[in-house]
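Chemist: I am sharing target-v1.pdb, which consists of PDB, C-alpha atoms:
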ATOM      1  CA  MET V   1      -5.231  11.389-184.924
ATOM      2  CA  LYS V   2      -4.082   8.631-187.273
ATOM      3  CA  ILE V   3      -5.327   5.443-185.653
ATOM      4  CA  SER V   4      -7.838   4.341-183.017
ATOM      5  CA  VAL V   5      -7.129   1.101-181.147
ATOM      6  CA  ILE V   6     -10.352  -0.601-180.043
ATOM      7  CA  ILE V   7     -10.138  -3.298-177.375
ATOM      8  CA  PRO V   8     -13.295  -5.121-176.250
ATOM      9  CA  THR V   9     -12.978  -6.715-172.837
ATOM     10  CA  TYR V  10     -14.925  -8.687-170.252
ATOM     11  CA  ASN V  11     -13.683  -9.691-166.796
ATOM     12  CA  CYS V  12     -10.049 -10.116-167.847
ATOM     13  CA  SER V  13      -8.357  -7.086-166.319
ATOM     14  CA  ALA V  14      -4.903  -8.698-166.176
ATOM     15  CA  LEU V  15      -4.970  -9.439-169.908
ATOM     16  CA  LEU V  16      -6.213  -5.927-170.636
ATOM     17  CA  ALA V  17      -3.388  -4.467-168.530
ATOM     18  CA  ALA V  18      -0.829  -6.436-170.531
ATOM     19  CA  SER V  19      -2.256  -5.122-173.821
ATOM     20  CA  LEU V  20      -2.186  -1.558-172.516
ATOM     21  CA  ARG V  21       1.392  -1.903-171.271
ATOM     22  CA  ALA V  22       2.446  -2.910-174.771
ATOM     23  CA  LEU V  23       0.621   0.120-176.222
ATOM     24  CA  GLN V  24       2.523   2.388-173.821
ATOM     25  CA  ARG V  25       5.741   1.451-175.618
ATOM     26  CA  GLN V  26       4.620   2.239-179.174
ATOM     27  CA  THR V  27       7.036   4.167-181.393
ATOM     28  CA  LEU V  28       4.163   6.075-183.020
ATOM     29  CA  PRO V  29       3.934   9.482-181.267
ATOM     30  CA  ARG V  30       1.299   9.571-178.517
ATOM     31  CA  GLY V  31      -0.657  12.348-180.180
ATOM     32  CA  GLN V  32      -1.264  10.208-183.269
ATOM     33  CA  PHE V  33      -3.202   7.357-181.676
ATOM     34  CA  GLU V  34      -5.917   6.742-179.114
ATOM     35  CA  VAL V  35      -7.045   3.661-177.216
ATOM     36  CA  ILE V  36     -10.723   2.898-176.640
ATOM     37  CA  VAL V  37     -11.472   0.163-174.112
ATOM     38  CA  CYS V  38     -14.985  -1.194-174.653
ATOM     39  CA  ASP V  39     -16.173  -3.054-171.575
ATOM     40  CA  ASP V  40     -18.938  -5.613-172.159
ATOM     41  CA  GLY V  41     -20.223  -5.345-168.573
ATOM     42  CA  SER V  42     -17.244  -6.505-166.479
ATOM     43  CA  SER V  43     -17.708  -6.998-162.739
ATOM     44  CA  ASP V  44     -14.001  -7.168-161.880
ATOM     45  CA  ASP V  45     -11.521  -4.264-161.596
ATOM     46  CA  THR V  46     -11.395  -3.555-165.351
ATOM     47  CA  ALA V  47     -12.514   0.068-164.929
ATOM     48  CA  GLN V  48      -9.776   0.737-162.368
ATOM     49  CA  VAL V  49      -7.134  -0.914-164.535
ATOM     50  CA  ALA V  50      -8.134   1.194-167.548
ATOM     51  CA  ALA V  51      -8.093   4.356-165.418
ATOM     52  CA  GLY V  52      -4.544   3.549-164.341
ATOM     53  CA  PHE V  53      -3.339   3.992-167.926
ATOM     54  CA  SER V  54      -5.194   7.223-168.650
ATOM     55  CA  GLY V  55      -2.168   9.338-167.739
ATOM     56  CA  SER V  56       0.164   7.584-170.195
ATOM     57  CA  LEU V  57      -2.238   6.877-173.078
ATOM     58  CA  ALA V  58      -4.966   8.852-174.801
ATOM     59  CA  LEU V  59      -7.452   6.357-173.418
ATOM     60  CA  ARG V  60     -11.215   6.301-173.192
ATOM     61  CA  TYR V  61     -13.156   3.715-171.244
ATOM     62  CA  LEU V  62     -16.657   2.810-172.444
ATOM     63  CA  TRP V  63     -18.965   0.461-170.543
ATOM     64  CA  GLN V  64     -22.172  -1.346-171.472
ATOM     65  CA  ALA V  65     -24.387  -3.470-169.263
ATOM     66  CA  ASP V  66     -23.768  -7.201-169.086
ATOM     67  CA  GLN V  67     -26.507  -8.712-171.246
ATOM     68  CA  GLY V  68     -24.565 -11.742-172.410
ATOM     69  CA  PHE V  69     -21.813 -11.936-175.017
ATOM     70  CA  ARG V  70     -21.992  -8.660-176.949
ATOM     71  CA  ALA V  71     -18.496  -8.172-178.347
ATOM     72  CA  ALA V  72     -19.948  -6.942-181.656
ATOM     73  CA  THR V  73     -21.924  -4.199-179.919
ATOM     74  CA  ALA V  74     -18.922  -3.278-177.754
ATOM     75  CA  ARG V  75     -16.703  -2.843-180.801
ATOM     76  CA  ASN V  76     -19.383  -0.768-182.548
ATOM     77  CA  LEU V  77     -19.592   1.416-179.457
ATOM     78  CA  GLY V  78     -15.882   2.118-179.707
ATOM     79  CA  ALA V  79     -15.929   2.700-183.467
ATOM     80  CA  ALA V  80     -18.776   5.210-183.081
ATOM     81  CA  GLN V  81     -16.508   7.397-180.937
ATOM     82  CA  ALA V  82     -13.231   6.781-182.771
ATOM     83  CA  GLN V  83     -11.362   9.835-184.042
ATOM     84  CA  GLY V  84      -8.637   8.092-186.044
ATOM     85  CA  ASP V  85      -8.744   7.555-189.794
ATOM     86  CA  ILE V  86      -7.814   3.906-189.184
ATOM     87  CA  LEU V  87      -9.411   1.418-186.815
ATOM     88  CA  LEU V  88      -7.223  -1.243-185.249
ATOM     89  CA  PHE V  89      -9.122  -3.994-183.452
ATOM     90  CA  LEU V  90      -7.172  -5.889-180.794
ATOM     91  CA  ASP V  91      -8.405  -8.433-178.266
ATOM     92  CA  SER V  92      -7.548  -8.211-174.589
ATOM     93  CA  GLY V  93      -4.337 -10.130-174.080
ATOM     94  CA  VAL V  94      -2.949  -9.353-177.542
ATOM     95  CA  LEU V  95       0.402  -7.574-177.154
ATOM     96  CA  LEU V  96       1.252  -5.315-180.075
ATOM     97  CA  ALA V  97       4.919  -5.055-181.051
ATOM     98  CA  GLU V  98       6.484  -1.669-180.296
ATOM     99  CA  THR V  99       6.500  -0.669-183.983
ATOM    100  CA  GLY V 100       3.053  -2.168-184.618
ATOM    101  CA  LEU V 101       1.059   1.052-184.876
ATOM    102  CA  GLU V 102       3.662   2.590-187.162
ATOM    103  CA  ALA V 103       3.487  -0.516-189.357
ATOM    104  CA  HIS V 104      -0.309  -0.320-189.639
ATOM    105  CA  CYS V 105      -0.178   3.386-190.541
ATOM    106  CA  ARG V 106       2.585   2.760-193.092
ATOM    107  CA  ARG V 107       0.621  -0.053-194.725
ATOM    108  CA  HIS V 108      -2.580   1.992-194.981
ATOM    109  CA  ALA V 109      -0.659   4.892-196.529
ATOM    110  CA  MET V 110       0.271   2.661-199.477
ATOM    111  CA  ARG V 111      -3.234   2.444-200.911
ATOM    112  CA  PRO V 112      -6.853   3.094-199.884
ATOM    113  CA  ARG V 113      -9.475   0.621-198.680
ATOM    114  CA  GLN V 114      -7.065  -1.932-197.276
ATOM    115  CA  ILE V 115      -7.979  -4.649-194.809
ATOM    116  CA  VAL V 116      -4.747  -5.457-192.978
ATOM    117  CA  ILE V 117      -4.377  -8.758-191.141
ATOM    118  CA  GLY V 118      -1.850  -8.654-188.321
ATOM    119  CA  TYR V 119       0.427 -11.561-187.518
ATOM    120  CA  VAL V 120      -0.402 -13.091-184.123
ATOM    121  CA  TYR V 121       2.232 -15.295-182.519
ATOM    122  CA  GLY V 122       0.946 -17.991-180.213
ATOM    123  CA  TYR V 123      -2.799 -17.960-180.853
ATOM    124  CA  MET V 124      -4.062 -21.557-180.412
ATOM    125  CA  ALA V 125      -0.507 -22.704-181.149
ATOM    126  CA  GLU V 126      -0.602 -25.954-179.191
ATOM    127  CA  ALA V 127      -4.098 -27.059-180.187
ATOM    128  CA  LEU V 128      -4.032 -26.547-183.934
ATOM    129  CA  HIS V 129      -0.428 -26.453-185.107
ATOM    130  CA  GLN V 130      -0.610 -29.859-186.775
ATOM    131  CA  ALA V 131      -3.995 -29.297-188.421
ATOM    132  CA  TRP V 132      -2.982 -25.945-189.932
ATOM    133  CA  GLY V 133       0.442 -27.156-190.997
ATOM    134  CA  GLY V 134       2.430 -24.881-188.684
ATOM    135  CA  PRO V 135       5.514 -25.803-186.630
ATOM    136  CA  ARG V 136       5.393 -27.598-183.309
ATOM    137  CA  PRO V 137       6.079 -24.971-180.618
ATOM    138  CA  ASP V 138       8.282 -25.430-177.571
ATOM    139  CA  PRO V 139       5.734 -25.859-174.722
ATOM    140  CA  ALA V 140       7.747 -23.481-172.514
ATOM    141  CA  TRP V 141       7.029 -20.503-174.784
ATOM    142  CA  PRO V 142       4.469 -18.714-172.533
ATOM    143  CA  GLY V 143       7.227 -18.071-170.008
ATOM    144  CA  ARG V 144       9.164 -15.984-172.531
ATOM    145  CA  ILE V 145       6.469 -13.316-172.946
ATOM    146  CA  ASP V 146       7.152  -9.837-171.584
ATOM    147  CA  ALA V 147       4.501  -7.174-172.260
ATOM    148  CA  GLY V 148       7.173  -4.526-171.731
ATOM    149  CA  GLN V 149       9.434  -5.965-174.454
ATOM    150  CA  VAL V 150       7.191  -7.426-177.116
ATOM    151  CA  GLU V 151       9.586  -7.423-180.068
ATOM    152  CA  HIS V 152      12.272  -9.040-177.911
ATOM    153  CA  SER V 153       9.689 -11.633-176.848
ATOM    154  CA  ILE V 154       8.698 -12.272-180.473
ATOM    155  CA  ALA V 155      12.320 -13.004-181.352
ATOM    156  CA  ALA V 156      12.416 -15.550-178.505
ATOM    157  CA  LEU V 157       9.136 -17.134-179.641
ATOM    158  CA  ARG V 158      10.396 -17.495-183.205
ATOM    159  CA  ALA V 159      13.388 -19.406-181.882
ATOM    160  CA  MET V 160      10.955 -21.671-180.036
ATOM    161  CA  GLN V 161       9.009 -22.428-183.254
ATOM    162  CA  VAL V 162       5.971 -20.412-182.180
ATOM    163  CA  ALA V 163       4.007 -18.997-185.106
ATOM    164  CA  ASP V 164       0.599 -17.658-186.040
ATOM    165  CA  VAL V 165      -1.845 -20.567-186.209
ATOM    166  CA  ARG V 166      -2.662 -19.471-189.783
ATOM    167  CA  GLU V 167       0.967 -19.805-190.932
ATOM    168  CA  GLY V 168       0.189 -23.049-192.748
ATOM    169  CA  ARG V 169      -2.317 -21.217-194.937
ATOM    170  CA  TYR V 170       0.096 -18.357-195.584
ATOM    171  CA  LEU V 171       2.795 -20.809-196.659
ATOM    172  CA  ARG V 172       0.380 -22.574-199.011
ATOM    173  CA  HIS V 173      -1.330 -19.547-200.542
ATOM    174  CA  GLY V 174       1.039 -16.590-200.038
ATOM    175  CA  ASP V 175       0.898 -13.373-198.040
ATOM    176  CA  GLU V 176      -0.926 -11.325-200.697
ATOM    177  CA  LEU V 177      -4.411 -12.157-199.526
ATOM    178  CA  SER V 178      -6.213 -10.356-202.349
ATOM    179  CA  ALA V 179      -4.945 -13.110-204.650
ATOM    180  CA  TRP V 180      -6.782 -15.714-202.553
ATOM    181  CA  ALA V 181     -10.205 -16.947-203.611
ATOM    182  CA  VAL V 182     -11.450 -16.317-200.067
ATOM    183  CA  PRO V 183      -9.294 -13.712-198.291
ATOM    184  CA  PHE V 184     -11.885 -13.148-195.561
ATOM    185  CA  ASP V 185     -11.062 -16.650-194.317
ATOM    186  CA  VAL V 186      -8.327 -15.161-192.067
ATOM    187  CA  PHE V 187     -10.144 -12.021-190.872
ATOM    188  CA  TRP V 188      -9.997 -12.648-187.117
ATOM    189  CA  THR V 189     -10.593  -9.515-185.082
ATOM    190  CA  CYS V 190      -7.954 -10.345-182.485
ATOM    191  CA  HIS V 191      -5.673  -8.162-184.669
ATOM    192  CA  VAL V 192      -6.921  -6.439-187.846
ATOM    193  CA  SER V 193      -7.109  -2.882-189.154
ATOM    194  CA  LEU V 194      -9.164  -1.026-191.747
ATOM    195  CA  GLU V 195     -10.234   2.504-192.560
ATOM    196  CA  LEU V 196     -12.880   4.009-190.291
ATOM    197  CA  ALA V 197     -14.876   5.203-193.304
ATOM    198  CA  HIS V 198     -14.799   1.723-194.857
ATOM    199  CA  PHE V 199     -15.998   0.173-191.593
ATOM    200  CA  HIS V 200     -18.994   2.507-191.411
ATOM    201  CA  GLU V 201     -19.720   2.144-195.127
ATOM    202  CA  VAL V 202     -20.386  -1.592-194.762
ATOM    203  CA  GLY V 203     -22.382  -1.126-191.555
ATOM    204  CA  GLY V 204     -19.887  -2.217-188.878
ATOM    205  CA  PHE V 205     -20.482  -5.342-186.814
ATOM    206  CA  ASP V 206     -23.903  -6.956-186.688
ATOM    207  CA  ASP V 207     -25.266  -6.483-183.156
ATOM    208  CA  ASP V 208     -27.401  -9.605-183.543
ATOM    209  CA  PHE V 209     -24.374 -11.834-182.901
ATOM    210  CA  ARG V 210     -24.671 -12.672-179.212
ATOM    211  CA  GLN V 211     -22.282 -15.600-178.780
ATOM    212  CA  TRP V 212     -18.638 -16.303-179.557
ATOM    213  CA  GLY V 213     -17.767 -16.485-183.227
ATOM    214  CA  GLY V 214     -19.403 -15.142-186.338
ATOM    215  CA  GLU V 215     -19.458 -11.361-185.942
ATOM    216  CA  ASP V 216     -15.975 -10.969-187.430
ATOM    217  CA  PHE V 217     -16.682 -13.370-190.285
ATOM    218  CA  ASP V 218     -19.950 -11.589-191.104
ATOM    219  CA  LEU V 219     -18.170  -8.220-191.268
ATOM    220  CA  ALA V 220     -15.423  -9.767-193.394
ATOM    221  CA  VAL V 221     -17.921 -11.020-195.986
ATOM    222  CA  ARG V 222     -19.425  -7.540-196.303
ATOM    223  CA  LEU V 223     -15.961  -6.021-196.658
ATOM    224  CA  PHE V 224     -15.157  -8.607-199.324
ATOM    225  CA  ASN V 225     -18.315  -7.632-201.212
ATOM    226  CA  SER V 226     -17.505  -3.906-201.020
ATOM    227  CA  ARG V 227     -15.998  -2.037-203.947
ATOM    228  CA  GLY V 228     -12.214  -1.829-204.176
ATOM    229  CA  ALA V 229     -11.356  -3.677-200.969
ATOM    230  CA  HIS V 230      -7.721  -4.842-200.859
ATOM    231  CA  TRP V 231      -6.647  -7.572-198.449
ATOM    232  CA  THR V 232      -3.126  -8.084-197.179
ATOM    233  CA  LEU V 233      -1.126  -9.786-194.473
ATOM    234  CA  ASP V 234       1.576  -7.521-193.039
ATOM    235  CA  ARG V 235       4.096  -9.455-190.961
ATOM    236  CA  ASP V 236       5.492  -6.180-189.603
ATOM    237  CA  CYS V 237       2.093  -5.643-187.938
ATOM    238  CA  CYS V 238       2.947  -8.333-185.430
ATOM    239  CA  SER V 239       1.772  -9.203-181.949
ATOM    240  CA  ILE V 240       1.655 -11.942-179.335
ATOM    241  CA  HIS V 241      -1.518 -13.631-178.116
ATOM    242  CA  SER V 242      -1.106 -14.210-174.393
ATOM    243  CA  PRO V 243      -2.232 -17.745-173.480
ATOM    244  CA  HIS V 244      -5.455 -17.776-171.497
ATOM    245  CA  GLN V 245      -8.771 -19.563-171.137
ATOM    246  CA  GLU V 246     -10.554 -19.516-174.480
ATOM    247  CA  GLU V 247     -14.159 -18.371-174.790
ATOM    248  CA  VAL V 248     -14.922 -21.776-176.315
ATOM    249  CA  ALA V 249     -12.241 -24.210-175.170
ATOM    250  CA  ASP V 250     -13.971 -27.360-176.467
ATOM    251  CA  HIS V 251     -12.800 -27.687-180.077
ATOM    252  CA  SER V 252     -15.743 -29.824-181.209
ATOM    253  CA  ARG V 253     -18.101 -27.195-179.822
ATOM    254  CA  ARG V 254     -16.016 -24.504-181.492
ATOM    255  CA  GLU V 255     -16.284 -26.251-184.869
ATOM    256  CA  GLN V 256     -20.028 -26.719-184.420
ATOM    257  CA  ARG V 257     -20.461 -22.999-183.831
ATOM    258  CA  ILE V 258     -18.387 -22.266-186.930
ATOM    259  CA  ALA V 259     -20.564 -24.637-188.946
ATOM    260  CA  ASP V 260     -23.781 -23.038-187.682
ATOM    261  CA  THR V 261     -22.433 -19.581-188.475
ATOM    262  CA  LEU V 262     -21.418 -20.606-191.990
ATOM    263  CA  ARG V 263     -24.864 -22.005-192.734
ATOM    264  CA  ASN V 264     -26.501 -18.793-191.544
ATOM    265  CA  LEU V 265     -24.124 -16.623-193.546
ATOM    266  CA  ALA V 266     -24.503 -18.744-196.671
ATOM    267  CA  ALA V 267     -28.243 -18.133-196.465
ATOM    268  CA  ARG V 268     -27.668 -14.408-195.941
ATOM    269  CA  TYR V 269     -24.976 -13.955-198.597
ATOM    270  CA  PRO V 270     -25.590 -16.390-201.491
ATOM    271  CA  GLN V 271     -22.111 -16.495-203.014
ATOM    272  CA  PRO V 272     -19.893 -19.393-204.115
ATOM    273  CA  GLN V 273     -17.176 -18.842-201.507
ATOM    274  CA  LEU V 274     -19.574 -19.557-198.661
ATOM    275  CA  ARG V 275     -21.089 -22.527-200.463
ATOM    276  CA  ALA V 276     -17.541 -23.886-200.775
ATOM    277  CA  TYR V 277     -17.182 -23.666-197.009
ATOM    278  CA  LEU V 278     -20.279 -25.813-196.613
ATOM    279  CA  GLU V 279     -18.854 -28.324-199.082
ATOM    280  CA  CYS V 280     -15.712 -28.470-196.923
ATOM    281  CA  LEU V 281     -17.908 -29.211-193.925
ATOM    282  CA  ALA V 282     -19.683 -31.967-195.817
ATOM    283  CA  GLU V 283     -16.311 -33.582-196.467
ATOM    284  CA  ASN V 284     -15.406 -33.311-192.755
ATOM    285  CA  ARG V 285     -12.409 -31.175-193.635
ATOM    286  CA  GLN V 286     -11.688 -29.743-190.193
ATOM    287  CA  PRO V 287     -10.399 -27.210-189.516
ATOM    288  CA  LEU V 288     -11.473 -25.544-192.706
ATOM    289  CA  ASP V 289      -9.077 -24.227-195.345
ATOM    290  CA  VAL V 290     -11.484 -23.217-198.048
ATOM    291  CA  ASN V 291      -8.716 -21.780-200.233
ATOM    292  CA  ASP V 292      -6.999 -25.165-200.273
ATOM    293  CA  TYR V 293     -10.332 -26.809-201.084
ATOM    294  CA  LEU V 294     -10.991 -24.447-203.990
ATOM    295  CA  SER V 295      -7.455 -24.914-205.312
ATOM    296  CA  ARG V 296      -7.978 -28.667-205.273
ATOM    297  CA  CYS V 297     -11.291 -28.286-207.086
ATOM    298  CA  ALA V 298      -9.625 -26.094-209.720
ATOM    299  CA  ARG V 299      -6.874 -28.678-210.266
ATOM    300  CA  MET V 300      -9.454 -31.441-210.655
ATOM    301  CA  HIS V 301     -11.395 -29.298-213.128
ATOM    302  CA  ARG V 302      -8.252 -28.660-215.204
ATOM    303  CA  GLN V 303      -7.507 -32.389-215.222
ATOM    304  CA  GLU V 304     -11.033 -33.167-216.418
ATOM    305  CA  ILE V 305     -10.648 -30.661-219.247
ATOM    306  CA  ALA V 306      -7.296 -32.170-220.222
ATOM    307  CA  ILE V 307      -8.816 -35.671-220.309
ATOM    308  CA  CYS V 308     -11.686 -34.472-222.480
TER     309      CYS V 308
END
Just dump the structure as structure tokens.
Modeler:
Amino acid sequence: MKISVIIPTYNCSALLAASLRALQRQTLPRGQFEVIVCDDGSSDDTAQVAAGFSGSLALRYLWQADQGFRAATARNLGAAQAQGDILLFLDSGVLLAETGLEAHCRRHAMRPRQIVIGYVYGYMAEALHQAWGGPRPDPAWPGRIDAGQVEHSIAALRAMQVADVREGRYLRHGDELSAWAVPFDVFWTCHVSLELAHFHEVGGFDDDFRQWGGEDFDLAVRLFNSRGAHWTLDRDCCSIHSPHQEEVADHSRREQRIADTLRNLAARYPQPQLRAYLECLAENRQPLDVNDYLSRCARMHRQEIAIC
């Protein structure tokens, strides 16, 4: 077993079904990957939908009682039972390209202790494309998505100027994330992979996170602080984020939650990268690109030295 795909879900059976349909078409042999659906207490037909794929995927369905938003605990539940050497976290509604699992395995074979960020077409494309510096997408793009032909759909989305919402950062700072001052800035668990042993070494997700946002960032900081971690974006590890109702649709409320999380994490992990985030907040730089902020600070510092 090379890789375990962990998908947390809650009352979104149609999105889950789309993700599972895409996993049915993977080029990686079936015996080399498993899928673990971690249900955070759904009351819809999620269990039945997952069962419908058990004949075509090595799939396990895990359920926990609905006690509020517990995505961190759900993911930990899946990781505790994972048998693959690599963990791939996907969100419900994320459609992995047919060669996606092969790409993740290939990337991890290159060197140990990698944190691989997948490329996610369409995530928050309309709302944030201008702020992040990405292209303006054709508004008709959702109609071009086919969970049964993801790579074909990705080609169509590219033609419609649909990109990953983080593309502006990648263009500014490059794809080799380990060269960034703050590579954990783009660790969003809608599509990331890392070694199972590395995940357990840093303690997995913090179960204390009980609302949207923060649990992935907290894990990312601990991975960043771990010995020998190497961060990379792999554009071959690509996927599509199906448009749907966001957990926090109000952007001002979203930014407030991010700010609260950053303050808590800065108190927990006293390091300059997190303090820089808070400085960005103080300057009302929203949405945050802390790597851009630190680059600007470095340029100003070099100018001051030159003047002196």
Chemist: Have a look at atom CA of Val37 of chain V and atom CA of Ile7 of chain V and let me know their distance in Å, one decimal.
Modeler: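 It comes out at 4.9 Å.
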Chemist: For this structure, which residues satisfy the selection - the PyMOL selection byres ((chain V and resi 106) around 12) - when it is evaluated on the file as given? I want them as number ranges by chain.
Modeler: V: 2-3, 28, 86, 99-105, 107-112, 114, 116, 193, 234, 236-237
Chemist: Give me a file of those residues, with C-alpha atoms, as a tab-separated table (two decimals), in the coordinates of the input.
Modeler:
chain	number	residue	atom	x	y	z
V	2	LYS	CA	-4.08	8.63	-187.27
V	3	ILE	CA	-5.33	5.44	-185.65
V	28	LEU	CA	4.16	6.08	-183.02
V	86	ILE	CA	-7.81	3.91	-189.18
V	99	THR	CA	6.50	-0.67	-183.98
V	100	GLY	CA	3.05	-2.17	-184.62
V	101	LEU	CA	1.06	1.05	-184.88
V	102	GLU	CA	3.66	2.59	-187.16
V	103	ALA	CA	3.49	-0.52	-189.36
V	104	HIS	CA	-0.31	-0.32	-189.64
V	105	CYS	CA	-0.18	3.39	-190.54
V	107	ARG	CA	0.62	-0.05	-194.72
V	108	HIS	CA	-2.58	1.99	-194.98
V	109	ALA	CA	-0.66	4.89	-196.53
V	110	MET	CA	0.27	2.66	-199.48
V	111	ARG	CA	-3.23	2.44	-200.91
V	112	PRO	CA	-6.85	3.09	-199.88
V	114	GLN	CA	-7.06	-1.93	-197.28
V	116	VAL	CA	-4.75	-5.46	-192.98
V	193	SER	CA	-7.11	-2.88	-189.15
V	234	ASP	CA	1.58	-7.52	-193.04
V	236	ASP	CA	5.49	-6.18	-189.60
V	237	CYS	CA	2.09	-5.64	-187.94
Chemist: Between atom CA of Val5 of chain V and atom CA of Arg113 of chain V, what is the distance, to one decimal in Å?
Modeler: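 Computing it gives 17.7 Å between the two atoms.
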Chemist: Ranking V:Asp218, V:Glu201, V:Asp292, V:Asp44 by minimum distance to Ala276 of chain V and counting all atoms listed in the file, which one comes first?
Modeler: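 Using all atoms listed in the file, the shortest distance to Ala276 of chain V belongs to V:Asp292.
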Chemist: So, with all atoms listed in the file as the atoms that count, which of V:Asp146, V:Asp216, V:Asp289, V:Asp175 lies closest to Ala18 of chain V?
Modeler: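 Distance minimum relative to Ala18 of chain V lands on V:Asp146.
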Chemist: Please write the residues picked by the PyMOL selection byres ((chain V and resi 137) around 6) on this file as an MDAnalysis selection string.
Modeler: chainID V and resid 136 138:139 160:162
Chemist: Take the selection from the previous step and output its residues with C-alpha atoms, as a PDB file, keeping the file's coordinate frame.
Modeler:
ATOM      1  CA  ARG V 136       5.393 -27.598-183.309  1.00  0.00           C
ATOM      2  CA  ASP V 138       8.282 -25.430-177.571  1.00  0.00           C
ATOM      3  CA  PRO V 139       5.734 -25.859-174.722  1.00  0.00           C
ATOM      4  CA  MET V 160      10.955 -21.671-180.036  1.00  0.00           C
ATOM      5  CA  GLN V 161       9.009 -22.428-183.254  1.00  0.00           C
ATOM      6  CA  VAL V 162       5.971 -20.412-182.180  1.00  0.00           C
TER       7      VAL V 162
END
Chemist: Have a look at atom CA of Val94 of chain V and atom CA of Glu195 of chain V and let me know their distance in Å, one decimal.
Modeler: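 Taking atom CA of Val94 of chain V as the start and atom CA of Glu195 of chain V as the end point, the length is 20.5 Å.
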Chemist: In terms of the shortest atom-to-atom distance over only C-alpha atoms, which of V:Gly122, V:Gly214, V:Gly148, V:Gly84 is closest to Gly31 of chain V?
Modeler: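 Once distances to Gly31 of chain V are computed over only C-alpha atoms, the minimum belongs to V:Gly84.
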Chemist: Please evaluate the PyMOL selection byres ((chain V and resi 185) around 8) against the displayed coordinates and give the resulting residues as number ranges by chain.
Modeler: V: 182-184, 186-187, 217, 289-290
Chemist: Those residues you just picked out, can you put them in a file as a PDB file, in the coordinates of the input with C-alpha atoms?
Modeler:
ATOM      1  CA  VAL V 182     -11.450 -16.317-200.067  1.00  0.00           C
ATOM      2  CA  PRO V 183      -9.294 -13.712-198.291  1.00  0.00           C
ATOM      3  CA  PHE V 184     -11.885 -13.148-195.561  1.00  0.00           C
ATOM      4  CA  VAL V 186      -8.327 -15.161-192.067  1.00  0.00           C
ATOM      5  CA  PHE V 187     -10.144 -12.021-190.872  1.00  0.00           C
ATOM      6  CA  PHE V 217     -16.682 -13.370-190.285  1.00  0.00           C
ATOM      7  CA  ASP V 289      -9.077 -24.227-195.345  1.00  0.00           C
ATOM      8  CA  VAL V 290     -11.484 -23.217-198.048  1.00  0.00           C
TER       9      VAL V 290
END
Chemist: Which residue is closest to Ala14 of chain V? Choose from V:Glu279, V:Glu34, V:Asp45, V:Glu151 and count all atoms listed in the file.
Modeler: V:Asp45
Chemist: May I ask which of the residues V:Ala58, V:Ala82, V:Asp66, V:Ala71 is the closest one to Ala197 of chain V, counting all atoms listed in the file?
Modeler: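 Checking each of V:Ala58, V:Ala82, V:Asp66, V:Ala71 against Ala197 of chain V, counting all atoms listed in the file, the winner is V:Ala82.
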Chemist: Grab all the atoms of segment 23-33 of chain V that the file lists, wrap them in a box along x, y and z, add 3 Å per side, and give me centre plus edge lengths in Å (one decimal) as lines of an AutoDock Vina configuration file.
Modeler:
center_x = 1.9
center_y = 6.2
center_z = -178.5
size_x = 16.2
size_y = 18.2
size_z = 15.4
Chemist: List every protein, DNA or RNA residue that has an atom no more than 6 Å from (-13.3, -4.8, -177.2) in the file's coordinate frame, counting only C-alpha atoms, and report them as a list in words.
Modeler: Ile6, Ile7, Pro8, Thr9, Cys38, Ala74 and Arg75 of chain V
Chemist: Ranking V:Ile154, V:Cys280, V:Leu274, V:Cys297 by minimum distance to Glu98 of chain V and counting only C-alpha atoms, which one comes first?
Modeler: V:Ile154
Chemist: Tell me which residues come within 9 Å of (-24.8, -3.5, -171.2), as a PDB file with C-alpha atoms, in the coordinates of the input, counting only C-alpha atoms in the file's coordinates.
Modeler:
ATOM      1  CA  ASP V  39     -16.173  -3.054-171.575  1.00  0.00           C
ATOM      2  CA  ASP V  40     -18.938  -5.613-172.159  1.00  0.00           C
ATOM      3  CA  GLY V  41     -20.223  -5.345-168.573  1.00  0.00           C
ATOM      4  CA  TRP V  63     -18.965   0.461-170.543  1.00  0.00           C
ATOM      5  CA  GLN V  64     -22.172  -1.346-171.472  1.00  0.00           C
ATOM      6  CA  ALA V  65     -24.387  -3.470-169.263  1.00  0.00           C
ATOM      7  CA  ASP V  66     -23.768  -7.201-169.086  1.00  0.00           C
ATOM      8  CA  GLN V  67     -26.507  -8.712-171.246  1.00  0.00           C
ATOM      9  CA  GLY V  68     -24.565 -11.742-172.410  1.00  0.00           C
ATOM     10  CA  ARG V  70     -21.992  -8.660-176.949  1.00  0.00           C
ATOM     11  CA  ALA V  74     -18.922  -3.278-177.754  1.00  0.00           C
TER      12      ALA V  74
END
Chemist: Quick one: residues within 12 Å of Pro272 of chain V, all atoms listed in the file, excluding same-chain residues fewer than 3 positions away - as a VMD selection string?
Modeler: chain V and resid 181 to 182 221 265 to 267 269 275 to 279 290 294
Chemist: For segment 118-121 of chain V, list every protein, DNA or RNA residue within 7 Å, evaluated using all atoms listed in the file, and leave out those in the same chain fewer than 2 positions away; present the list as a list in words.
Modeler: Val116, Tyr123, Val162, Ala163, Asp164, His191, Val192, Leu233, Asp234, Arg235, Cys237, Cys238, Ser239, Ile240 and His241 of chain V
Chemist: For segment 52-55 of chain V, work out the shell of residues within 9 Å, counting all atoms listed in the file and skipping chain neighbours fewer than 6 positions away, then give it as a VMD selection string.
Modeler: chain V and resid 17 20 to 21 24
